[in-house]
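This is final21.pdb. It holds PDB, C-alpha atoms, pLDDT in the B column.
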ATOM      1  CA  MET A 205       3.254  17.652  14.566  1.00 83.00           C
ATOM      2  CA  ARG A 206       6.068  20.110  13.909  1.00 91.00           C
ATOM      3  CA  ASN A 207       9.593  18.829  13.356  1.00 95.00           C
ATOM      4  CA  ASP A 208      13.121  19.945  12.543  1.00 95.00           C
ATOM      5  CA  VAL A 209      13.865  17.275   9.951  1.00 97.00           C
ATOM      6  CA  ARG A 210      14.271  19.733   7.069  1.00 97.00           C
ATOM      7  CA  ASP A 211      16.568  22.021   9.041  1.00 97.00           C
ATOM      8  CA  ARG A 212      18.713  19.135  10.245  1.00 97.00           C
ATOM      9  CA  ARG A 213      18.838  17.554   6.780  1.00 97.00           C
ATOM     10  CA  THR A 214      19.884  20.749   5.028  1.00 97.00           C
ATOM     11  CA  ALA A 215      22.418  21.436   7.780  1.00 97.00           C
ATOM     12  CA  LYS A 216      24.023  18.104   6.859  1.00 96.00           C
ATOM     13  CA  GLY A 217      23.923  19.051   3.173  1.00 97.00           C
ATOM     14  CA  LEU A 218      21.679  16.126   2.295  1.00 97.00           C
ATOM     15  CA  ALA A 219      19.008  15.972  -0.384  1.00 97.00           C
ATOM     16  CA  GLN A 220      15.644  14.403   0.492  1.00 96.00           C
ATOM     17  CA  GLY A 221      16.486  11.379  -1.659  1.00 94.00           C
ATOM     18  CA  GLU A 222      19.768  10.817   0.180  1.00 96.00           C
ATOM     19  CA  LEU A 223      18.084  10.914   3.589  1.00 97.00           C
ATOM     20  CA  ALA A 224      15.367   8.612   2.224  1.00 94.00           C
ATOM     21  CA  ARG A 225      18.010   6.082   1.161  1.00 92.00           C
ATOM     22  CA  GLU A 226      19.660   6.227   4.585  1.00 95.00           C
ATOM     23  CA  LEU A 227      16.332   5.551   6.308  1.00 95.00           C
ATOM     24  CA  ASP A 228      15.082   3.046   3.705  1.00 90.00           C
ATOM     25  CA  VAL A 229      11.920   5.013   2.897  1.00 92.00           C
ATOM     26  CA  SER A 230      10.747   6.893  -0.191  1.00 89.00           C
ATOM     27  CA  ARG A 231      11.717  10.489  -0.955  1.00 91.00           C
ATOM     28  CA  GLN A 232       8.003  11.326  -0.863  1.00 91.00           C
ATOM     29  CA  THR A 233       7.829  10.093   2.727  1.00 94.00           C
ATOM     30  CA  ILE A 234      10.672  12.393   3.770  1.00 96.00           C
ATOM     31  CA  ASN A 235       8.924  15.291   2.030  1.00 96.00           C
ATOM     32  CA  SER A 236       5.627  14.452   3.760  1.00 95.00           C
ATOM     33  CA  ILE A 237       7.328  14.291   7.159  1.00 97.00           C
ATOM     34  CA  GLU A 238       9.128  17.594   6.607  1.00 97.00           C
ATOM     35  CA  THR A 239       5.945  19.376   5.586  1.00 95.00           C
ATOM     36  CA  GLY A 240       4.033  17.874   8.526  1.00 93.00           C
ATOM     37  CA  ARG A 241       1.567  15.993   6.328  1.00 94.00           C
ATOM     38  CA  TYR A 242       2.707  12.638   7.690  1.00 95.00           C
ATOM     39  CA  THR A 243       3.610  11.727  11.253  1.00 95.00           C
ATOM     40  CA  PRO A 244       6.108   8.863  11.209  1.00 96.00           C
ATOM     41  CA  SER A 245       5.767   5.747  13.334  1.00 95.00           C
ATOM     42  CA  LEU A 246       7.797   5.575  16.548  1.00 96.00           C
ATOM     43  CA  PRO A 247      10.438   3.262  14.987  1.00 96.00           C
ATOM     44  CA  LEU A 248      10.922   5.631  12.018  1.00 96.00           C
ATOM     45  CA  ALA A 249      10.969   8.691  14.299  1.00 97.00           C
ATOM     46  CA  MET A 250      13.654   6.968  16.395  1.00 97.00           C
ATOM     47  CA  ALA A 251      15.628   6.085  13.268  1.00 97.00           C
ATOM     48  CA  ILE A 252      15.461   9.726  12.145  1.00 97.00           C
ATOM     49  CA  ALA A 253      16.570  10.966  15.562  1.00 97.00           C
ATOM     50  CA  ARG A 254      19.420   8.444  15.696  1.00 97.00           C
ATOM     51  CA  PHE A 255      20.536   9.424  12.205  1.00 97.00           C
ATOM     52  CA  PHE A 256      20.856  13.039  13.344  1.00 97.00           C
ATOM     53  CA  GLY A 257      22.514  11.958  16.604  1.00 97.00           C
ATOM     54  CA  THR A 258      19.784  13.258  18.853  1.00 97.00           C
ATOM     55  CA  THR A 259      16.535  12.246  20.543  1.00 96.00           C
ATOM     56  CA  VAL A 260      12.994  12.026  19.179  1.00 96.00           C
ATOM     57  CA  GLU A 261      11.877  14.901  21.428  1.00 95.00           C
ATOM     58  CA  GLU A 262      14.572  17.137  19.961  1.00 95.00           C
ATOM     59  CA  VAL A 263      13.399  16.476  16.397  1.00 96.00           C
ATOM     60  CA  PHE A 264       9.638  16.206  16.803  1.00 95.00           C
ATOM     61  CA  HIS A 265       7.542  18.696  18.720  1.00 92.00           C
ATOM     62  CA  ALA A 266       4.006  17.746  19.729  1.00 83.00           C
ATOM     63  CA  ASP A 267       1.564  20.652  19.377  1.00 73.00           C
ATOM     64  CA  HIS A 268      -0.619  19.414  22.235  1.00 65.00           C
ATOM     65  CA  VAL A 269       0.906  17.527  25.156  1.00 55.00           C
TER      66      VAL A 269
ATOM     67  CA  MET B 966      13.853   3.941  -2.577  1.00 49.00           C
ATOM     68  CA  GLN B 967      16.224   2.199  -4.910  1.00 52.00           C
ATOM     69  CA  ILE B 968      15.219  -0.625  -7.227  1.00 56.00           C
ATOM     70  CA  THR B 969      16.819  -3.471  -5.287  1.00 65.00           C
ATOM     71  CA  SER B 970      16.839  -7.232  -5.761  1.00 71.00           C
ATOM     72  CA  ARG B 971      14.012  -7.310  -3.212  1.00 68.00           C
ATOM     73  CA  THR B 972      11.962  -4.883  -5.326  1.00 69.00           C
ATOM     74  CA  ASN B 973      12.783  -6.878  -8.442  1.00 77.00           C
ATOM     75  CA  ARG B 974      11.528  -9.998  -6.662  1.00 81.00           C
ATOM     76  CA  TYR B 975       8.247  -8.231  -5.939  1.00 79.00           C
ATOM     77  CA  TYR B 976       8.015  -7.215  -9.598  1.00 82.00           C
ATOM     78  CA  TRP B 977       8.275 -10.867 -10.617  1.00 85.00           C
ATOM     79  CA  ILE B 978       5.786 -11.893  -7.922  1.00 88.00           C
ATOM     80  CA  THR B 979       3.361  -9.253  -9.252  1.00 86.00           C
ATOM     81  CA  VAL B 980       3.691 -10.483 -12.839  1.00 89.00           C
ATOM     82  CA  ALA B 981       3.441 -14.130 -11.735  1.00 92.00           C
ATOM     83  CA  THR B 982       0.334 -13.416  -9.635  1.00 92.00           C
ATOM     84  CA  GLY B 983      -1.339 -11.515 -12.473  1.00 92.00           C
ATOM     85  CA  THR B 984      -0.513 -14.305 -14.922  1.00 94.00           C
ATOM     86  CA  ALA B 985      -1.804 -16.953 -12.491  1.00 96.00           C
ATOM     87  CA  ILE B 986      -5.098 -15.070 -12.085  1.00 95.00           C
ATOM     88  CA  GLY B 987      -5.296 -14.763 -15.891  1.00 95.00           C
ATOM     89  CA  LEU B 988      -4.777 -18.519 -16.227  1.00 96.00           C
ATOM     90  CA  VAL B 989      -7.609 -19.137 -13.740  1.00 96.00           C
ATOM     91  CA  TYR B 990      -9.811 -16.881 -15.897  1.00 95.00           C
ATOM     92  CA  LEU B 991      -8.737 -18.857 -18.970  1.00 95.00           C
ATOM     93  CA  ILE B 992      -9.635 -22.163 -17.309  1.00 96.00           C
ATOM     94  CA  GLY B 993     -13.002 -20.739 -16.230  1.00 96.00           C
ATOM     95  CA  PHE B 994     -13.849 -19.402 -19.681  1.00 96.00           C
ATOM     96  CA  ALA B 995     -12.600 -22.614 -21.338  1.00 95.00           C
ATOM     97  CA  ALA B 996     -14.821 -24.675 -19.018  1.00 95.00           C
ATOM     98  CA  GLY B 997     -17.705 -22.446 -20.082  1.00 95.00           C
ATOM     99  CA  GLY B 998     -16.947 -23.088 -23.762  1.00 94.00           C
ATOM    100  CA  LYS B 999     -15.443 -19.652 -24.456  1.00 94.00           C
ATOM    101  CA  PRO B1000     -11.667 -20.191 -24.615  1.00 94.00           C
ATOM    102  CA  MET B1001     -11.051 -17.108 -26.783  1.00 95.00           C
ATOM    103  CA  LEU B1002     -12.598 -14.874 -24.137  1.00 95.00           C
ATOM    104  CA  GLY B1003     -10.345 -16.623 -21.621  1.00 95.00           C
ATOM    105  CA  LEU B1004      -7.282 -15.857 -23.726  1.00 96.00           C
ATOM    106  CA  GLY B1005      -8.408 -12.235 -23.865  1.00 96.00           C
ATOM    107  CA  ALA B1006      -8.773 -12.132 -20.081  1.00 95.00           C
ATOM    108  CA  LEU B1007      -5.322 -13.690 -19.681  1.00 95.00           C
ATOM    109  CA  ALA B1008      -3.851 -11.091 -22.042  1.00 96.00           C
ATOM    110  CA  VAL B1009      -5.514  -8.277 -20.074  1.00 96.00           C
ATOM    111  CA  MET B1010      -4.018  -9.558 -16.803  1.00 95.00           C
ATOM    112  CA  VAL B1011      -0.524  -9.966 -18.287  1.00 94.00           C
ATOM    113  CA  VAL B1012      -0.615  -6.497 -19.873  1.00 94.00           C
ATOM    114  CA  PHE B1013      -2.026  -4.933 -16.678  1.00 92.00           C
ATOM    115  CA  THR B1014       0.616  -6.411 -14.367  1.00 92.00           C
ATOM    116  CA  GLY B1015       3.352  -5.699 -16.919  1.00 90.00           C
ATOM    117  CA  ALA B1016       2.223  -2.063 -17.090  1.00 91.00           C
ATOM    118  CA  LEU B1017       2.175  -1.926 -13.281  1.00 88.00           C
ATOM    119  CA  VAL B1018       5.789  -3.087 -13.136  1.00 86.00           C
ATOM    120  CA  LEU B1019       6.854  -0.604 -15.839  1.00 88.00           C
ATOM    121  CA  ILE B1020       5.093   2.275 -14.047  1.00 89.00           C
ATOM    122  CA  GLY B1021       6.721   1.085 -10.807  1.00 84.00           C
ATOM    123  CA  ARG B1022      10.141   1.735 -12.326  1.00 83.00           C
ATOM    124  CA  ARG B1023       9.248   5.428 -12.587  1.00 85.00           C
ATOM    125  CA  SER B1024       6.787   5.979  -9.750  1.00 85.00           C
ATOM    126  CA  GLU B1025       7.908   5.793  -6.125  1.00 80.00           C
ATOM    127  CA  THR B1026       4.288   5.335  -5.036  1.00 83.00           C
ATOM    128  CA  VAL B1027       3.634   2.345  -7.320  1.00 84.00           C
ATOM    129  CA  ARG B1028       7.017   0.852  -6.405  1.00 81.00           C
ATOM    130  CA  GLY B1029       6.181   1.275  -2.726  1.00 80.00           C
ATOM    131  CA  LEU B1030       2.776  -0.333  -3.211  1.00 81.00           C
ATOM    132  CA  LEU B1031       4.408  -3.334  -4.867  1.00 79.00           C
ATOM    133  CA  ASP B1032       7.025  -4.080  -2.217  1.00 75.00           C
ATOM    134  CA  HIS B1033       5.280  -2.468   0.836  1.00 63.00           C
ATOM    135  CA  ARG B1034       8.613  -1.398   2.335  1.00 70.00           C
ATOM    136  CA  ASP B1035       7.634   2.184   3.087  1.00 87.00           C
ATOM    137  CA  GLU B1036       5.394   2.674   6.136  1.00 93.00           C
ATOM    138  CA  ARG B1037       3.648   5.738   4.673  1.00 93.00           C
ATOM    139  CA  ILE B1038       2.779   3.867   1.466  1.00 91.00           C
ATOM    140  CA  SER B1039       1.546   0.948   3.582  1.00 90.00           C
ATOM    141  CA  ALA B1040      -0.692   3.356   5.530  1.00 92.00           C
ATOM    142  CA  ILE B1041      -2.005   4.819   2.259  1.00 92.00           C
ATOM    143  CA  ASP B1042      -2.625   1.288   0.959  1.00 91.00           C
ATOM    144  CA  LEU B1043      -4.516   0.388   4.156  1.00 93.00           C
ATOM    145  CA  ARG B1044      -6.765   3.459   3.910  1.00 94.00           C
ATOM    146  CA  ALA B1045      -7.336   2.941   0.176  1.00 94.00           C
ATOM    147  CA  THR B1046      -8.291  -0.678   0.889  1.00 94.00           C
ATOM    148  CA  ALA B1047     -10.782   0.487   3.534  1.00 95.00           C
ATOM    149  CA  VAL B1048     -12.354   2.950   1.079  1.00 97.00           C
ATOM    150  CA  THR B1049     -12.498   0.182  -1.552  1.00 96.00           C
ATOM    151  CA  ALA B1050     -14.210  -2.098   0.982  1.00 95.00           C
ATOM    152  CA  LEU B1051     -16.817   0.600   1.696  1.00 95.00           C
ATOM    153  CA  ALA B1052     -17.483   0.970  -2.039  1.00 97.00           C
ATOM    154  CA  MET B1053     -17.802  -2.817  -2.367  1.00 95.00           C
ATOM    155  CA  ILE B1054     -20.201  -2.975   0.599  1.00 95.00           C
ATOM    156  CA  ALA B1055     -22.348  -0.245  -0.975  1.00 97.00           C
ATOM    157  CA  ALA B1056     -22.353  -2.091  -4.326  1.00 97.00           C
ATOM    158  CA  ILE B1057     -23.235  -5.440  -2.669  1.00 96.00           C
ATOM    159  CA  LEU B1058     -26.065  -3.869  -0.642  1.00 96.00           C
ATOM    160  CA  ALA B1059     -27.411  -2.117  -3.758  1.00 97.00           C
ATOM    161  CA  GLY B1060     -27.195  -5.367  -5.736  1.00 96.00           C
ATOM    162  CA  PHE B1061     -28.973  -7.276  -2.967  1.00 96.00           C
ATOM    163  CA  VAL B1062     -31.799  -4.720  -2.713  1.00 97.00           C
ATOM    164  CA  VAL B1063     -32.265  -4.604  -6.508  1.00 97.00           C
ATOM    165  CA  SER B1064     -32.268  -8.424  -6.665  1.00 96.00           C
ATOM    166  CA  VAL B1065     -34.870  -8.712  -3.894  1.00 96.00           C
ATOM    167  CA  ALA B1066     -36.984  -5.899  -5.395  1.00 96.00           C
ATOM    168  CA  ARG B1067     -37.071  -7.806  -8.692  1.00 96.00           C
ATOM    169  CA  GLY B1068     -38.438 -10.861  -6.917  1.00 95.00           C
ATOM    170  CA  GLY B1069     -35.099 -12.650  -6.683  1.00 94.00           C
ATOM    171  CA  SER B1070     -33.544 -14.270  -3.634  1.00 93.00           C
ATOM    172  CA  GLY B1071     -30.710 -11.808  -3.352  1.00 94.00           C
ATOM    173  CA  TRP B1072     -28.169 -14.397  -4.537  1.00 94.00           C
ATOM    174  CA  PRO B1073     -25.196 -14.060  -4.945  1.00 95.00           C
ATOM    175  CA  TYR B1074     -25.091 -10.735  -3.092  1.00 96.00           C
ATOM    176  CA  ASP B1075     -26.290 -12.330   0.164  1.00 95.00           C
ATOM    177  CA  MET B1076     -23.456 -14.875   0.091  1.00 96.00           C
ATOM    178  CA  ILE B1077     -20.844 -12.236  -0.796  1.00 96.00           C
ATOM    179  CA  GLY B1078     -22.102 -10.054   2.054  1.00 95.00           C
ATOM    180  CA  PHE B1079     -22.051 -13.049   4.423  1.00 96.00           C
ATOM    181  CA  VAL B1080     -18.460 -13.926   3.497  1.00 96.00           C
ATOM    182  CA  GLY B1081     -17.433 -10.271   3.864  1.00 95.00           C
ATOM    183  CA  GLY B1082     -19.075  -9.949   7.280  1.00 94.00           C
ATOM    184  CA  LEU B1083     -17.533 -13.212   8.440  1.00 97.00           C
ATOM    185  CA  ALA B1084     -14.088 -12.128   7.230  1.00 96.00           C
ATOM    186  CA  TYR B1085     -14.446  -8.808   9.096  1.00 95.00           C
ATOM    187  CA  VAL B1086     -15.402 -10.483  12.391  1.00 96.00           C
ATOM    188  CA  ALA B1087     -12.594 -13.055  12.011  1.00 97.00           C
ATOM    189  CA  ALA B1088     -10.082 -10.288  11.273  1.00 95.00           C
ATOM    190  CA  VAL B1089     -11.177  -8.256  14.320  1.00 95.00           C
ATOM    191  CA  ILE B1090     -10.816 -11.324  16.562  1.00 96.00           C
ATOM    192  CA  PHE B1091      -7.426 -12.189  15.035  1.00 96.00           C
ATOM    193  CA  PHE B1092      -5.945  -8.695  15.301  1.00 94.00           C
ATOM    194  CA  ARG B1093      -7.426  -8.178  18.777  1.00 94.00           C
ATOM    195  CA  ALA B1094      -5.678 -11.350  19.943  1.00 93.00           C
ATOM    196  CA  ARG B1095      -2.403 -10.154  18.429  1.00 90.00           C
ATOM    197  CA  GLY B1096      -2.717  -6.885  20.345  1.00 76.00           C
TER     198      GLY B1096
END
Could you rewrite the structure in this file as structure tokens?
Amino acid sequence: MRNDVRDRRTAKGLAQGELARELDVSRQTINSIETGRYTPSLPLAMAIARFFGTTVEEVFHADHV
Amino acid sequence: MQITSRTNRYYWITVATGTAIGLVYLIGFAAGGKPMLGLGALAVMVVFTGALVLIGRRSETVRGLLDHRDERISAIDLRATAVTALAMIAAILAGFVVSVARGGSGWPYDMIGFVGGLAYVAAVIFFRARG
């Protein structure tokens, strides 16, 4: 699943570790989400979207719907 | 993830659990008349859990495995546990077959397999009921 997490994070001037602290996950998890190796759970996806002030659909893009 | 008081609590729980298991080993070996081997087993458990905690201070993965706060680490742990279970099943089946082929009854592999199968069925029923 593609996502805009990296773009939105860098636009805010945040390092992966800083975003990880905000979301209470590990830096490795943020890296895995950004590279598409890990698809977050719905609660984490919602937390990410809320952090960036947008919706889940705006951040995460399903390849096949 | 930061090292928080919660993480520190899990560190202590890890060390305490490892030490408790080591003490059970010690009691078992002492009951069998080999207290020195028991002390060795206790030392191994204390050193192992201590090393785990020390590595956890540097490794995000180990730290995550200890306090299970990160959903990705929890998913990794779940998959690793499933792979471990498959390896254990293979080892138990191999042990059972070798035991039977040597003219034995298959004990204790039959009982271990029975307990494992029972635990699996109980877990499926439990988690199915929870939705």
As a PyMOL selection string, could you give me every residue of chain B near chain A (at most 10 Å apart, counting only C-alpha atoms)? chain B and resi 966-967+1025-1026+1028-1029+1034-1038
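Distances from A:Thr214, A:Gln220, A:Val209, A:Asn235 to Ala251 (chain A) were compared using only C-alpha atoms, and the smallest one belongs to A:Val209.
Between CA of Phe264 (chain A) and CA of Met205 (chain A) there is a distance of 6.9 Å.
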Given all atoms listed in the file as the basis, pick out the residue of A:Glu238, A:Phe255, A:Ala249, A:Leu223 nearest to Arg210 (chain A). A:Glu238
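Selection around (-6.2, -18.6, -16.1) with radius 12 Å, counting all atoms listed in the file, yields the residues Ala981, Thr982, Gly983, Thr984, Ala985, Ile986, Gly987, Leu988, Val989, Tyr990, Leu991, Ile992, Gly993, Phe994, Ala995, Ala996, Pro1000, Met1001, Leu1002, Gly1003, Leu1004, Gly1005, Ala1006, Leu1007, Ala1008, Val1009, Met1010 and Val1011 of chain B.
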Written selection (C-alpha atoms) as an mmCIF file, keeping the file's coordinate frame:
data_model
loop_
_atom_site.group_PDB
_atom_site.id
_atom_site.type_symbol
_atom_site.label_atom_id
_atom_site.label_comp_id
_atom_site.auth_asym_id
_atom_site.auth_seq_id
_atom_site.Cartn_x
_atom_site.Cartn_y
_atom_site.Cartn_z
ATOM 1 C CA ALA B 981 3.441 -14.130 -11.735
ATOM 2 C CA THR B 982 0.334 -13.416 -9.635
ATOM 3 C CA GLY B 983 -1.339 -11.515 -12.473
ATOM 4 C CA THR B 984 -0.513 -14.305 -14.922
ATOM 5 C CA ALA B 985 -1.804 -16.953 -12.491
ATOM 6 C CA ILE B 986 -5.098 -15.070 -12.085
ATOM 7 C CA GLY B 987 -5.296 -14.763 -15.891
ATOM 8 C CA LEU B 988 -4.777 -18.519 -16.227
ATOM 9 C CA VAL B 989 -7.609 -19.137 -13.740
ATOM 10 C CA TYR B 990 -9.811 -16.881 -15.897
ATOM 11 C CA LEU B 991 -8.737 -18.857 -18.970
ATOM 12 C CA ILE B 992 -9.635 -22.163 -17.309
ATOM 13 C CA GLY B 993 -13.002 -20.739 -16.230
ATOM 14 C CA PHE B 994 -13.849 -19.402 -19.681
ATOM 15 C CA ALA B 995 -12.600 -22.614 -21.338
ATOM 16 C CA ALA B 996 -14.821 -24.675 -19.018
ATOM 17 C CA PRO B 1000 -11.667 -20.191 -24.615
ATOM 18 C CA MET B 1001 -11.051 -17.108 -26.783
ATOM 19 C CA LEU B 1002 -12.598 -14.874 -24.137
ATOM 20 C CA GLY B 1003 -10.345 -16.623 -21.621
ATOM 21 C CA LEU B 1004 -7.282 -15.857 -23.726
ATOM 22 C CA GLY B 1005 -8.408 -12.235 -23.865
ATOM 23 C CA ALA B 1006 -8.773 -12.132 -20.081
ATOM 24 C CA LEU B 1007 -5.322 -13.690 -19.681
ATOM 25 C CA ALA B 1008 -3.851 -11.091 -22.042
ATOM 26 C CA VAL B 1009 -5.514 -8.277 -20.074
ATOM 27 C CA MET B 1010 -4.018 -9.558 -16.803
ATOM 28 C CA VAL B 1011 -0.524 -9.966 -18.287
#
Which polymer residues have any atom within 8 Å of an atom of Ala253 (chain A), counting all atoms listed in the file, with same-chain residues fewer than 6 positions away left out, as a PyMOL selection string? chain A and resi 259-260+262-263
List the spatial neighbours of Leu1019 (chain B) as a PyMOL selection string - criterion: any atom at most 10 Å away, all atoms listed in the file, same-chain residues fewer than 6 positions off excluded. chain B and resi 976+1013+1027-1028
What does the PyMOL selection byres ((chain A and resi 206) around 8) select in this file, as number ranges by chain? A: 205, 207-208, 240, 264-267
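Going from CA of Arg212 (chain A) over to CA of Met250 (chain A), you cover 14.5 Å.
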Exercise: Met1053 (chain B) partners within 10 Å, only C-alpha atoms, chain neighbours under 6 positions left out, as number ranges by chain: B: 1047, 1059, 1078, 1081
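A straight line drawn from CA of Ile1054 (chain B) to CA of Ala1088 (chain B) is 16.4 Å long.
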Could you get me a file of region 1052-1095 of chain B with C-alpha atoms, as a CSV table (one decimal), in the first residue's frame, taken from the block above?
chain,number,residue,atom,x,y,z
B,1052,ALA,CA,9.7,-26.1,14.4
B,1053,MET,CA,8.6,-27.6,17.7
B,1054,ILE,CA,5.8,-29.6,16.1
B,1055,ALA,CA,8.4,-31.0,13.6
B,1056,ALA,CA,10.8,-31.9,16.4
B,1057,ILE,CA,8.0,-33.5,18.5
B,1058,LEU,CA,6.8,-35.6,15.5
B,1059,ALA,CA,10.4,-36.7,14.7
B,1060,GLY,CA,11.0,-37.6,18.3
B,1061,PHE,CA,7.8,-39.6,18.5
B,1062,VAL,CA,8.5,-41.5,15.3
B,1063,VAL,CA,12.1,-42.3,16.4
B,1064,SER,CA,10.8,-43.4,19.8
B,1065,VAL,CA,8.2,-45.7,18.3
B,1066,ALA,CA,10.7,-47.0,15.7
B,1067,ARG,CA,13.1,-48.0,18.5
B,1068,GLY,CA,10.3,-50.0,20.2
B,1069,GLY,CA,9.3,-47.3,22.7
B,1070,SER,CA,5.9,-46.0,23.5
B,1071,GLY,CA,6.5,-42.6,22.1
B,1072,TRP,CA,6.5,-41.0,25.6
B,1073,PRO,CA,7.0,-38.1,26.3
B,1074,TYR,CA,6.5,-36.9,22.8
B,1075,ASP,CA,2.9,-38.2,22.6
B,1076,MET,CA,2.0,-36.2,25.8
B,1077,ILE,CA,3.7,-33.1,24.5
B,1078,GLY,CA,1.9,-33.4,21.2
B,1079,PHE,CA,-1.4,-34.0,23.0
B,1080,VAL,CA,-1.0,-30.9,25.2
B,1081,GLY,CA,0.0,-28.8,22.2
B,1082,GLY,CA,-3.0,-30.0,20.2
B,1083,LEU,CA,-5.3,-29.3,23.1
B,1084,ALA,CA,-3.9,-25.9,23.6
B,1085,TYR,CA,-4.3,-25.1,19.9
B,1086,VAL,CA,-8.0,-26.2,19.9
B,1087,ALA,CA,-8.7,-24.3,23.2
B,1088,ALA,CA,-7.0,-21.1,21.8
B,1089,VAL,CA,-9.1,-21.3,18.5
B,1090,ILE,CA,-12.3,-21.6,20.5
B,1091,PHE,CA,-11.3,-18.8,22.9
B,1092,PHE,CA,-10.3,-16.4,20.2
B,1093,ARG,CA,-13.3,-17.3,18.0
B,1094,ALA,CA,-15.6,-16.4,20.9
B,1095,ARG,CA,-13.8,-13.1,21.4
